[in-house]
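target_33.cif (mmCIF, C-alpha atoms)
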```
data_my_file
loop_
_atom_site.label_atom_id
_atom_site.label_comp_id
_atom_site.auth_asym_id
_atom_site.auth_seq_id
_atom_site.Cartn_x
_atom_site.Cartn_y
_atom_site.Cartn_z
CA MET A 1253 47.71 -22.60 15.72
CA ILE A 1254 45.90 -22.06 19.00
CA THR A 1255 46.91 -18.43 19.17
CA SER A 1256 45.61 -17.73 15.65
CA LEU A 1257 42.32 -19.49 16.53
CA LEU A 1258 42.05 -17.41 19.68
CA GLY A 1259 42.85 -14.32 17.66
CA SER A 1260 40.04 -14.93 15.16
CA LEU A 1261 37.62 -15.73 18.00
CA ARG A 1262 38.63 -12.48 19.65
CA GLY A 1263 38.00 -10.72 16.35
CA ILE A 1264 34.47 -12.12 16.14
CA GLY A 1265 33.82 -11.19 19.75
CA SER A 1266 34.93 -7.60 19.39
CA HIS A 1267 32.91 -7.28 16.19
CA VAL A 1268 29.74 -8.48 17.93
CA ILE A 1269 30.33 -6.27 20.97
CA ASN A 1270 30.97 -3.26 18.75
CA SER A 1271 27.80 -3.75 16.71
CA VAL A 1272 25.64 -4.28 19.81
CA TRP A 1273 27.25 -1.17 21.32
CA ARG A 1274 26.50 0.84 18.20
CA LEU A 1275 22.92 -0.42 18.13
CA GLY A 1276 22.49 0.63 21.73
CA VAL A 1277 23.94 4.08 21.09
CA ALA A 1278 21.69 4.45 18.04
CA THR A 1279 18.58 3.49 20.04
CA ARG A 1280 19.51 5.91 22.80
CA PHE A 1281 20.08 8.64 20.20
CA PHE A 1282 16.70 7.91 18.58
CA LEU A 1283 14.84 8.03 21.93
CA LEU A 1284 16.67 11.22 22.87
CA THR A 1285 15.56 12.76 19.57
CA LEU A 1286 11.94 11.84 20.32
CA PHE A 1287 12.14 13.25 23.85
CA GLN A 1288 13.72 16.50 22.64
CA SER A 1289 11.17 17.07 19.88
CA GLY A 1290 8.88 19.23 21.98
CA GLN A 1291 10.95 22.34 21.45
CA SER A 1292 11.05 21.95 17.67
CA PHE A 1293 7.26 21.73 17.57
CA ARG A 1294 7.08 24.97 19.49
CA ARG A 1295 9.41 26.54 16.91
CA PHE A 1296 7.61 25.08 13.91
CA ASN A 1297 9.55 27.25 11.45
CA LEU A 1298 12.57 24.99 11.97
CA ILE A 1299 10.54 21.98 10.84
CA ILE A 1300 9.13 23.87 7.85
CA SER A 1301 12.57 24.70 6.52
CA GLU A 1302 13.54 21.04 6.91
CA VAL A 1303 10.39 19.97 5.03
CA PHE A 1304 11.64 22.27 2.30
CA SER A 1305 15.12 20.80 2.09
CA ALA A 1306 14.07 17.16 2.51
CA GLY A 1307 10.72 17.18 0.73
CA VAL A 1308 10.37 20.01 -1.76
CA LEU A 1309 13.90 19.58 -3.11
CA SER A 1310 13.23 15.84 -3.64
CA LEU A 1311 10.06 16.58 -5.59
CA ILE A 1312 11.52 16.53 -9.08
CA ILE A 1313 13.31 13.20 -8.79
CA ILE A 1314 10.23 11.63 -7.16
CA LEU A 1315 7.77 12.94 -9.74
CA VAL A 1316 9.91 12.04 -12.75
CA SER A 1317 10.76 8.56 -11.48
CA GLY A 1318 7.13 7.94 -10.55
CA LEU A 1319 6.01 8.88 -14.05
CA PHE A 1320 8.58 6.62 -15.69
CA VAL A 1321 7.98 3.67 -13.35
CA GLY A 1322 4.27 3.93 -14.13
CA MET A 1323 4.89 4.12 -17.88
CA VAL A 1324 7.16 1.07 -17.80
CA LEU A 1325 4.58 -0.81 -15.72
CA GLY A 1326 1.98 0.08 -18.33
CA LEU A 1327 4.10 -1.21 -21.20
CA GLN A 1328 5.25 -4.40 -19.49
CA GLY A 1329 1.88 -5.15 -17.93
CA TYR A 1330 0.18 -4.73 -21.27
CA GLN A 1331 2.56 -7.19 -22.91
CA THR A 1332 1.80 -9.86 -20.32
CA LEU A 1333 -1.93 -9.24 -19.91
CA GLN A 1334 -2.41 -9.22 -23.67
CA THR A 1335 -1.49 -12.91 -23.87
CA TYR A 1336 -4.47 -13.66 -21.59
CA GLY A 1337 -6.76 -11.31 -23.45
CA SER A 1338 -7.39 -9.14 -20.39
CA GLU A 1339 -5.80 -5.81 -21.24
CA GLU A 1340 -8.52 -4.05 -19.24
CA ALA A 1341 -6.94 -5.35 -16.04
CA LEU A 1342 -3.96 -3.07 -16.74
CA GLY A 1343 -5.47 -0.45 -14.40
CA ILE A 1344 -5.60 -2.94 -11.52
CA LEU A 1345 -2.04 -4.08 -12.16
CA VAL A 1346 -0.59 -0.58 -12.29
CA ALA A 1347 -2.60 0.80 -9.36
CA LEU A 1348 -2.17 -2.11 -6.96
CA SER A 1349 1.54 -2.57 -7.57
CA LEU A 1350 2.16 1.17 -7.17
CA VAL A 1351 -0.06 1.85 -4.17
CA ARG A 1352 0.91 -1.27 -2.24
CA GLU A 1353 4.58 -1.72 -3.02
CA LEU A 1354 6.40 0.39 -5.55
CA GLY A 1355 5.12 3.76 -4.38
CA PRO A 1356 6.29 3.55 -0.77
CA VAL A 1357 9.40 1.43 -1.44
CA VAL A 1358 10.88 3.19 -4.48
CA ALA A 1359 10.01 6.61 -3.10
CA ALA A 1360 11.76 5.67 0.17
CA LEU A 1361 14.82 4.36 -1.69
CA LEU A 1362 15.05 7.60 -3.68
CA PHE A 1363 14.44 9.58 -0.52
CA ALA A 1364 17.26 7.75 1.25
CA SER A 1365 19.73 8.56 -1.50
CA ARG A 1366 18.51 12.10 -2.11
CA ALA A 1367 17.61 13.45 1.32
CA GLY A 1368 19.09 10.87 3.71
CA SER A 1369 22.61 11.26 2.37
CA ALA A 1370 22.27 15.05 2.49
CA ILE A 1371 21.19 14.92 6.14
CA THR A 1372 24.13 12.68 7.06
CA ALA A 1373 26.65 14.85 5.22
CA GLU A 1374 25.25 18.03 6.74
CA ILE A 1375 25.28 16.80 10.33
CA GLY A 1376 28.63 15.04 9.84
CA LEU A 1377 30.19 18.27 8.59
CA MET A 1378 28.59 20.25 11.39
CA LYS A 1379 30.27 17.86 13.79
CA ALA A 1380 33.60 17.93 11.92
CA THR A 1381 33.67 21.74 11.94
CA GLU A 1382 32.72 21.67 15.64
CA GLN A 1383 29.48 23.57 15.18
CA LEU A 1384 27.69 21.04 17.38
CA ALA A 1385 30.30 21.42 20.09
CA ALA A 1386 29.95 25.21 19.85
CA MET A 1387 26.20 24.90 20.35
CA GLU A 1388 26.73 22.82 23.45
CA MET A 1389 29.09 25.50 24.72
CA MET A 1390 26.25 28.00 24.35
CA ALA A 1391 23.95 25.66 26.29
CA VAL A 1392 21.91 24.91 23.16
CA ASP A 1393 21.13 21.22 22.91
CA PRO A 1394 22.20 20.20 19.38
CA ILE A 1395 19.74 17.30 19.40
CA ALA A 1396 16.82 19.61 20.08
CA ARG A 1397 18.03 22.38 17.75
CA VAL A 1398 19.57 20.43 14.82
CA VAL A 1399 18.52 16.78 14.94
CA ALA A 1400 14.84 16.82 15.97
CA PRO A 1401 13.64 19.37 13.34
CA ARG A 1402 15.38 17.36 10.62
CA PHE A 1403 13.78 14.19 11.89
CA TRP A 1404 10.25 15.57 11.86
CA GLY A 1405 10.71 17.43 8.58
CA ALA A 1406 11.75 14.25 6.82
CA VAL A 1407 9.08 12.11 8.51
CA ILE A 1408 6.40 14.58 7.38
CA SER A 1409 7.79 14.69 3.84
CA MET A 1410 8.02 10.96 3.23
CA PRO A 1411 4.30 10.00 3.02
CA ILE A 1412 3.61 13.05 0.86
CA LEU A 1413 6.38 12.05 -1.53
CA ALA A 1414 5.15 8.44 -1.64
CA ALA A 1415 1.59 9.54 -2.40
CA LEU A 1416 2.85 11.83 -5.17
CA PHE A 1417 4.97 8.99 -6.54
CA SER A 1418 1.97 6.63 -6.68
CA ALA A 1419 -0.29 9.26 -8.24
CA MET A 1420 2.30 10.13 -10.90
CA GLY A 1421 2.89 6.44 -11.59
CA ILE A 1422 -0.81 5.80 -12.15
CA LEU A 1423 -0.94 8.79 -14.48
CA GLY A 1424 2.08 7.34 -16.32
CA GLY A 1425 0.36 3.97 -16.63
CA TYR A 1426 -2.73 5.76 -17.89
CA LEU A 1427 -0.71 7.70 -20.46
CA VAL A 1428 0.92 4.58 -21.87
CA GLY A 1429 -2.00 2.19 -21.49
CA VAL A 1430 -4.93 4.34 -22.53
CA VAL A 1431 -3.51 7.21 -24.56
CA LEU A 1432 -0.68 5.41 -26.33
CA ILE A 1433 -1.78 1.77 -26.65
CA GLY A 1434 -5.51 2.30 -26.60
CA VAL A 1435 -6.85 0.23 -23.69
CA ASP A 1436 -10.46 1.17 -23.05
CA GLU A 1437 -10.49 4.15 -20.69
CA GLY A 1438 -13.70 3.29 -18.83
CA ALA A 1439 -12.57 -0.26 -18.12
CA PHE A 1440 -9.13 0.98 -17.03
CA TRP A 1441 -10.54 3.24 -14.31
CA SER A 1442 -13.58 1.21 -13.28
CA GLN A 1443 -11.71 -2.06 -12.85
CA MET A 1444 -9.07 -0.16 -10.89
CA GLN A 1445 -11.70 1.33 -8.61
CA ALA A 1446 -13.34 -2.02 -8.07
CA ALA A 1447 -10.07 -3.66 -7.05
CA VAL A 1448 -8.35 -0.96 -4.96
CA ASP A 1449 -9.69 -0.58 -1.45
CA PHE A 1450 -9.07 2.61 0.47
CA GLN A 1451 -8.26 1.02 3.80
CA GLU A 1452 -6.70 -2.21 2.63
CA ASP A 1453 -4.44 -0.79 -0.06
CA ILE A 1454 -4.06 2.99 0.08
CA LEU A 1455 -3.96 3.43 3.85
CA ASN A 1456 -1.56 0.52 4.26
CA GLY A 1457 0.68 2.12 1.65
CA VAL A 1458 0.66 5.37 3.63
CA ILE A 1459 1.51 3.48 6.85
CA LYS A 1460 4.40 1.81 5.04
CA SER A 1461 5.77 5.13 3.84
CA VAL A 1462 5.59 6.62 7.35
CA VAL A 1463 7.53 3.65 8.75
CA PHE A 1464 10.13 3.94 5.99
CA GLY A 1465 10.41 7.67 6.61
CA VAL A 1466 11.14 7.11 10.31
CA ALA A 1467 13.67 4.37 9.55
CA VAL A 1468 15.55 6.29 6.83
CA THR A 1469 15.70 9.51 8.81
CA ALA A 1470 16.75 7.86 12.05
CA ILE A 1471 19.55 6.03 10.26
CA ALA A 1472 20.69 9.14 8.39
CA LEU A 1473 20.70 11.30 11.51
CA PHE A 1474 22.56 8.76 13.59
CA GLU A 1475 25.19 8.09 10.94
CA GLY A 1476 25.82 11.81 10.63
CA TYR A 1477 25.96 12.36 14.39
CA ASP A 1478 28.21 9.35 14.86
CA ALA A 1479 30.57 10.07 11.95
CA PRO A 1480 34.29 10.48 12.72
CA PRO A 1481 35.01 14.21 12.31
CA THR A 1482 37.19 13.84 9.23
CA ALA A 1483 36.56 14.14 5.51
CA GLU A 1484 36.90 10.40 5.10
CA GLY A 1485 34.65 9.69 8.07
CA VAL A 1486 31.85 11.86 6.67
CA SER A 1487 32.11 10.25 3.25
CA ARG A 1488 31.97 6.76 4.80
CA ALA A 1489 29.00 7.75 6.96
CA THR A 1490 27.15 9.00 3.87
CA THR A 1491 27.75 5.74 2.06
CA ARG A 1492 26.66 3.75 5.09
CA THR A 1493 23.44 5.78 5.32
CA VAL A 1494 22.43 4.88 1.78
CA VAL A 1495 23.36 1.20 2.13
CA THR A 1496 21.88 0.65 5.59
CA SER A 1497 18.66 2.53 4.96
CA SER A 1498 18.10 0.78 1.62
CA LEU A 1499 18.48 -2.59 3.30
CA ALA A 1500 16.27 -1.46 6.19
CA ILE A 1501 13.55 -0.33 3.75
CA LEU A 1502 13.52 -3.66 1.91
CA GLY A 1503 13.58 -5.71 5.12
CA LEU A 1504 10.85 -3.62 6.78
CA ASP A 1505 8.81 -3.80 3.60
CA PHE A 1506 8.83 -7.58 3.73
CA ILE A 1507 7.78 -7.61 7.39
CA LEU A 1508 5.02 -5.04 6.89
CA THR A 1509 3.71 -6.79 3.78
CA ALA A 1510 3.64 -10.11 5.62
CA PHE A 1511 1.49 -8.53 8.33
CA MET A 1512 -0.75 -6.40 6.12
CA PHE A 1513 -1.57 -8.62 3.17
CA ARG A 1514 -1.55 -12.16 4.48
CA GLY A 1515 -4.66 -14.19 3.92
CA VAL A 1516 -7.26 -12.38 1.85
CA MET B 1329 16.12 31.74 0.58
CA GLN B 1330 13.56 34.14 1.91
CA ARG B 1331 11.15 32.99 4.56
CA ALA B 1332 8.05 33.78 2.51
CA THR B 1333 9.11 31.86 -0.61
CA LEU B 1334 10.17 28.94 1.56
CA ASP B 1335 6.77 28.88 3.25
CA LEU B 1336 5.09 29.11 -0.12
CA TRP B 1337 6.99 26.12 -1.50
CA VAL B 1338 6.29 24.00 1.56
CA GLY B 1339 2.63 24.98 1.31
CA ILE B 1340 2.51 23.94 -2.35
CA PHE B 1341 4.27 20.69 -1.44
CA VAL B 1342 1.82 19.77 1.32
CA VAL B 1343 -1.22 20.73 -0.77
CA ALA B 1344 0.11 18.64 -3.67
CA GLY B 1345 0.56 15.70 -1.31
CA ILE B 1346 -3.01 16.00 -0.03
CA ALA B 1347 -4.25 16.31 -3.61
CA ALA B 1348 -2.35 13.14 -4.56
CA LEU B 1349 -3.90 11.27 -1.61
CA LEU B 1350 -7.36 12.50 -2.59
CA PHE B 1351 -6.72 11.41 -6.16
CA LEU B 1352 -5.71 7.97 -4.91
CA ALA B 1353 -8.73 7.74 -2.61
CA LEU B 1354 -11.40 8.99 -5.01
CA LYS B 1355 -10.21 8.15 -8.49
CA VAL B 1356 -8.10 5.04 -7.88
CA GLY B 1357 -9.79 3.54 -4.83
CA ASN B 1358 -13.46 2.89 -4.19
CA MET B 1359 -13.81 5.57 -1.53
CA GLY B 1360 -16.15 7.79 -3.51
CA ALA B 1361 -18.29 4.99 -4.85
CA PHE B 1362 -19.69 3.36 -1.78
CA ASN B 1363 -18.00 3.98 1.54
CA GLY B 1364 -19.78 7.20 2.34
CA THR B 1365 -23.33 5.88 2.10
CA SER B 1366 -25.09 4.11 4.95
CA THR B 1367 -25.89 0.44 4.63
CA TYR B 1368 -28.05 -2.23 6.25
CA ALA B 1369 -26.91 -5.79 6.84
CA VAL B 1370 -28.73 -8.82 5.43
CA LYS B 1371 -27.67 -12.45 5.79
CA ALA B 1372 -27.96 -15.42 3.47
CA SER B 1373 -26.84 -19.06 3.66
CA PHE B 1374 -25.35 -20.79 0.65
CA ASP B 1375 -24.45 -24.46 0.19
CA ASN B 1376 -21.34 -23.39 -1.72
CA ILE B 1377 -19.92 -19.93 -2.21
CA GLY B 1378 -17.21 -20.95 -4.67
CA GLY B 1379 -14.62 -18.19 -4.87
CA LEU B 1380 -16.70 -15.38 -3.36
CA LYS B 1381 -14.57 -12.93 -1.39
CA PRO B 1382 -15.30 -10.19 1.13
CA ARG B 1383 -15.94 -6.85 -0.62
CA ALA B 1384 -17.35 -8.63 -3.68
CA PRO B 1385 -20.14 -6.59 -5.29
CA ILE B 1386 -23.83 -7.36 -4.84
CA LYS B 1387 -25.77 -6.59 -7.99
CA SER B 1388 -29.41 -6.37 -8.82
CA ALA B 1389 -30.27 -6.11 -12.50
CA GLY B 1390 -26.56 -5.54 -13.06
CA VAL B 1391 -26.35 -2.46 -10.82
CA VAL B 1392 -24.10 -2.58 -7.76
CA VAL B 1393 -26.35 -2.18 -4.70
CA GLY B 1394 -24.00 -3.33 -1.96
CA ARG B 1395 -20.93 -5.26 -0.96
CA VAL B 1396 -20.22 -8.54 0.82
CA SER B 1397 -19.12 -7.53 4.31
CA GLY B 1398 -18.39 -10.92 5.82
CA ILE B 1399 -18.24 -14.64 5.10
CA GLY B 1400 -18.61 -17.25 7.82
CA PHE B 1401 -19.24 -20.97 8.23
CA ASP B 1402 -22.21 -22.37 10.16
CA PRO B 1403 -21.01 -25.57 11.88
CA LYS B 1404 -24.59 -26.79 12.47
CA SER B 1405 -25.97 -26.69 8.95
CA TYR B 1406 -22.54 -26.94 7.26
CA GLU B 1407 -23.42 -24.00 5.09
CA ALA B 1408 -21.65 -20.73 4.39
CA THR B 1409 -23.26 -17.63 5.86
CA VAL B 1410 -22.66 -14.46 3.90
CA THR B 1411 -23.32 -11.04 5.39
CA MET B 1412 -24.21 -8.38 2.86
CA ALA B 1413 -24.14 -4.63 3.35
CA LEU B 1414 -26.85 -3.17 1.13
CA ASP B 1415 -27.21 0.51 0.35
CA THR B 1416 -30.10 2.01 2.32
CA ARG B 1417 -31.28 3.79 -0.83
CA TYR B 1418 -32.34 0.43 -2.25
CA LYS B 1419 -35.13 -1.56 -0.58
CA PHE B 1420 -35.87 -5.16 -1.51
CA PRO B 1421 -38.93 -7.35 -0.78
CA LYS B 1422 -38.59 -10.03 1.88
CA ASP B 1423 -38.75 -12.92 -0.57
CA THR B 1424 -35.81 -11.65 -2.63
CA SER B 1425 -33.60 -14.47 -3.86
CA ALA B 1426 -29.80 -14.38 -3.90
CA SER B 1427 -27.55 -16.36 -6.20
CA ILE B 1428 -23.80 -16.37 -6.69
CA MET B 1429 -22.78 -15.58 -10.25
CA THR B 1430 -19.52 -15.18 -12.13
CA SER B 1431 -18.87 -12.18 -14.31
CA GLY B 1432 -17.53 -13.64 -17.52
CA LEU B 1433 -16.19 -17.16 -17.71
CA LEU B 1434 -13.26 -16.68 -15.34
CA GLY B 1435 -14.08 -13.29 -13.80
CA GLU B 1436 -14.73 -12.40 -10.18
CA GLN B 1437 -17.80 -13.72 -8.41
CA TYR B 1438 -20.66 -11.58 -7.19
CA ILE B 1439 -24.10 -12.02 -5.61
CA ALA B 1440 -27.09 -11.32 -7.81
CA LEU B 1441 -30.32 -10.31 -6.08
CA GLU B 1442 -33.65 -11.01 -7.74
CA ALA B 1443 -36.55 -9.10 -6.23
CA GLY B 1444 -39.63 -11.10 -5.19
CA GLY B 1445 -43.24 -10.02 -5.00
CA GLU B 1446 -43.88 -9.60 -1.27
CA GLU B 1447 -45.11 -6.33 0.18
CA LYS B 1448 -42.83 -6.29 3.25
CA MET B 1449 -39.33 -4.97 2.75
CA LEU B 1450 -36.03 -6.39 4.05
CA ALA B 1451 -34.70 -4.76 7.18
CA GLU B 1452 -31.44 -4.83 9.14
CA GLY B 1453 -30.53 -8.36 10.25
CA ASN B 1454 -33.02 -10.23 8.08
CA THR B 1455 -32.09 -13.47 6.34
CA LEU B 1456 -32.72 -14.30 2.71
CA LYS B 1457 -34.54 -17.65 2.41
CA ILE B 1458 -34.14 -18.45 -1.28
CA THR B 1459 -30.51 -18.82 -2.25
CA GLN B 1460 -28.55 -20.54 -4.93
CA GLY B 1461 -24.86 -21.31 -4.44
CA ALA B 1462 -22.04 -20.93 -6.85
CA VAL B 1463 -21.79 -23.14 -9.90
CA VAL B 1464 -18.49 -24.96 -9.67
CA LEU B 1465 -16.97 -25.35 -13.09
CA GLU B 1466 -15.36 -28.71 -12.27
CA ASN B 1467 -18.73 -30.18 -11.20
CA LEU B 1468 -20.31 -28.95 -14.42
CA ILE B 1469 -17.62 -30.56 -16.52
CA GLY B 1470 -17.94 -33.77 -14.48
CA GLN B 1471 -21.71 -33.81 -14.98
CA PHE B 1472 -21.30 -33.17 -18.68
CA LEU B 1473 -18.85 -36.04 -19.09
CA TYR B 1474 -21.09 -38.32 -17.01
CA ASN B 1475 -24.17 -37.50 -19.10
CA LYS B 1476 -22.24 -37.96 -22.26
CA SER B 1477 -20.94 -41.38 -21.34
CA GLU B 1478 -24.46 -42.36 -20.21
CA GLY B 1479 -25.88 -41.12 -23.52
CA GLU B 1480 -23.34 -43.17 -25.41
CA SER B 1481 -24.14 -46.37 -23.52
CA ASN B 1482 -27.87 -45.77 -24.13
CA SER B 1483 -27.41 -45.26 -27.84
CA GLY B 1484 -25.16 -48.32 -27.90
CA GLU B 1485 -27.90 -50.55 -26.42
CA PRO B 1486 -30.08 -51.07 -29.48
CA ALA B 1487 -27.07 -52.16 -31.48
CA THR B 1488 -26.43 -55.08 -29.13
CA LYS B 1489 -29.95 -56.36 -29.49
#
```
Using the file provided, produce a representation of the structure as structure tokens.
Amino acid sequence: MITSLLGSLRGIGSHVINSVWRLGVATRFFLLTLFQSGQSFRRFNLIISEVFSAGVLSLIIILVSGLFVGMVLGLQGYQTLQTYGSEEALGILVALSLVRELGPVVAALLFASRAGSAITAEIGLMKATEQLAAMEMMAVDPIARVVAPRFWGAVISMPILAALFSAMGILGGYLVGVVLIGVDEGAFWSQMQAAVDFQEDILNGVIKSVVFGVAVTAIALFEGYDAPPTAEGVSRATTRTVVTSSLAILGLDFILTAFMFRGV
Amino acid sequence: MQRATLDLWVGIFVVAGIAALLFLALKVGNMGAFNGTSTYAVKASFDNIGGLKPRAPIKSAGVVVGRVSGIGFDPKSYEATVTMALDTRYKFPKDTSASIMTSGLLGEQYIALEAGGEEKMLAEGNTLKITQGAVVLENLIGQFLYNKSEGESNSGEPATK
């Protein structure tokens, strides 16, 4: 009885110690990446090719999902607003929900599953095939050469993708609301412009997407770097990247929203 | 992939992102409408501002001429002090009156300016003297019910005689 109780206590203890340990290693890895970024800015071509693989290759999924999210918002919003006789407010509904919340959050979720998982798998495989160890042998710091360019490439891509997502979504809402259903076009745009503030709404959305970009990329890079060098380890690390970064995005979104949009 | 095509794609990507941000700022937000022009601040005290919010429009003859930049409370006079940022293109006489209106029955509230007849024009930091606060719908309904019941008791009087 007592031994089994002690055993489960020991289990809890080792679990806590392991997670704190991992958190510490992850923080140290993140700070190391920031300190080693100088070199990758001097060789900007490295960052550009990472912007290509993280950003440009995610374009299609972001644009198409943005368009469809906006169209669904238009349809659903119209249904609800119609019962209050204020269809013209459709523009406000679509624009505010996209710019403030859906744009940054859904774009970051898609980014985590499209680009984050790719980063983890790539770095995990590099580690498994001992490419990182080979670099260290040649006195090339793998964090400066491999990790930092990926970090900055993804962090640069994320706000661009979120802005494109929001813009496409608003176009989708416009297509459904104005072109398909026939909400008055002037009221759609003018009410939207009256309600959406540049600083309050658009800039805060951009800040959100930058924060999400940093979080997703840091998690993806660390999971890849920390993955056990086996096929199973890489696959687990990829799964963990998607799960952890999705949860991190939603949690951070709540915190940021609570700070940005309280009160007024 | 070749370096040149890669650079080209990244260039297109970044330009598209900037275009999307510009679209959001100019077409979706109110950046193009008012933020670029210079404004001058004018104050006004109201006994009740109702649901007026910062950034609410200030209209004269239905045209937006400025925005509410701040709302405060004066603990001495127990009145609300509203700071308005008016577009420098539009000058108003000193005896301009301000009243808080509602667009539609349940729409957002705005400040309507009615120009007076004085020669001198409003300048930065001036205060509007003639103001009229918001009409609170509940008070109106209360007044209406009160008048109605009073009217009924008056009309009932001759019958008792």
Next item on the list: Check what the PyMOL selection byres ((chain A) within 7 of (chain B)) selects in the file above and give those residues as a list in words.
Entry: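 So the PyMOL selection byres ((chain A) within 7 of (chain B)), applied here, picks out Ile1300, Ser1301, Val1303, Phe1304, Val1308, Ile1412, Leu1413, Ala1415, Leu1416, Ala1419, Met1444, Gln1445, Ala1446, Val1448, Asp1449 and Phe1450 of chain A.
Omitting Gly1461 (chain B) and its sequence neighbours fewer than 2 positions away, and counting only C-alpha atoms, the residues within 7 Å are Phe1374, Asp1375, Asn1376, Ile1377, Ser1427, Ile1428, Thr1459 and Val1463 of chain B.
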Checklist line | Option closest in space to Gly1318 (chain A), from A:Leu1499, A:Leu1298, A:Leu1508, A:Leu1354 [counting only C-alpha atoms] | finding: A:Leu1354
Check: How many Å lie between CA of Arg1397 (chain A) and CA of Ala1472 (chain A), rounded to one decimal?
Finding: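 Calculated distance between CA of Arg1397 (chain A) and CA of Ala1472 (chain A) is 16.4 Å.
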Checklist line | Interatomic distance, CA of Tyr1418 (chain B) to CA of Ala1440 (chain B) (Å, one decimal) | finding: 14.0 Å
Could you state which residues are captured by the PyMOL selection byres ((chain A and resi 1493) around 9) in this file, as a PDB file with C-alpha atoms, keeping the file's coordinate frame?
```pdb
ATOM      1  CA  ALA A1364      17.260   7.750   1.250  1.00  0.00           C
ATOM      2  CA  SER A1365      19.730   8.560  -1.500  1.00  0.00           C
ATOM      3  CA  GLY A1368      19.090  10.870   3.710  1.00  0.00           C
ATOM      4  CA  SER A1369      22.610  11.260   2.370  1.00  0.00           C
ATOM      5  CA  THR A1372      24.130  12.680   7.060  1.00  0.00           C
ATOM      6  CA  VAL A1468      15.550   6.290   6.830  1.00  0.00           C
ATOM      7  CA  ILE A1471      19.550   6.030  10.260  1.00  0.00           C
ATOM      8  CA  ALA A1472      20.690   9.140   8.390  1.00  0.00           C
ATOM      9  CA  LEU A1473      20.700  11.300  11.510  1.00  0.00           C
ATOM     10  CA  PHE A1474      22.560   8.760  13.590  1.00  0.00           C
ATOM     11  CA  GLU A1475      25.190   8.090  10.940  1.00  0.00           C
ATOM     12  CA  GLY A1476      25.820  11.810  10.630  1.00  0.00           C
ATOM     13  CA  ARG A1488      31.970   6.760   4.800  1.00  0.00           C
ATOM     14  CA  ALA A1489      29.000   7.750   6.960  1.00  0.00           C
ATOM     15  CA  THR A1490      27.150   9.000   3.870  1.00  0.00           C
ATOM     16  CA  THR A1491      27.750   5.740   2.060  1.00  0.00           C
ATOM     17  CA  ARG A1492      26.660   3.750   5.090  1.00  0.00           C
ATOM     18  CA  VAL A1494      22.430   4.880   1.780  1.00  0.00           C
ATOM     19  CA  VAL A1495      23.360   1.200   2.130  1.00  0.00           C
ATOM     20  CA  THR A1496      21.880   0.650   5.590  1.00  0.00           C
ATOM     21  CA  SER A1497      18.660   2.530   4.960  1.00  0.00           C
ATOM     22  CA  SER A1498      18.100   0.780   1.620  1.00  0.00           C
TER      23      SER A1498
END
```
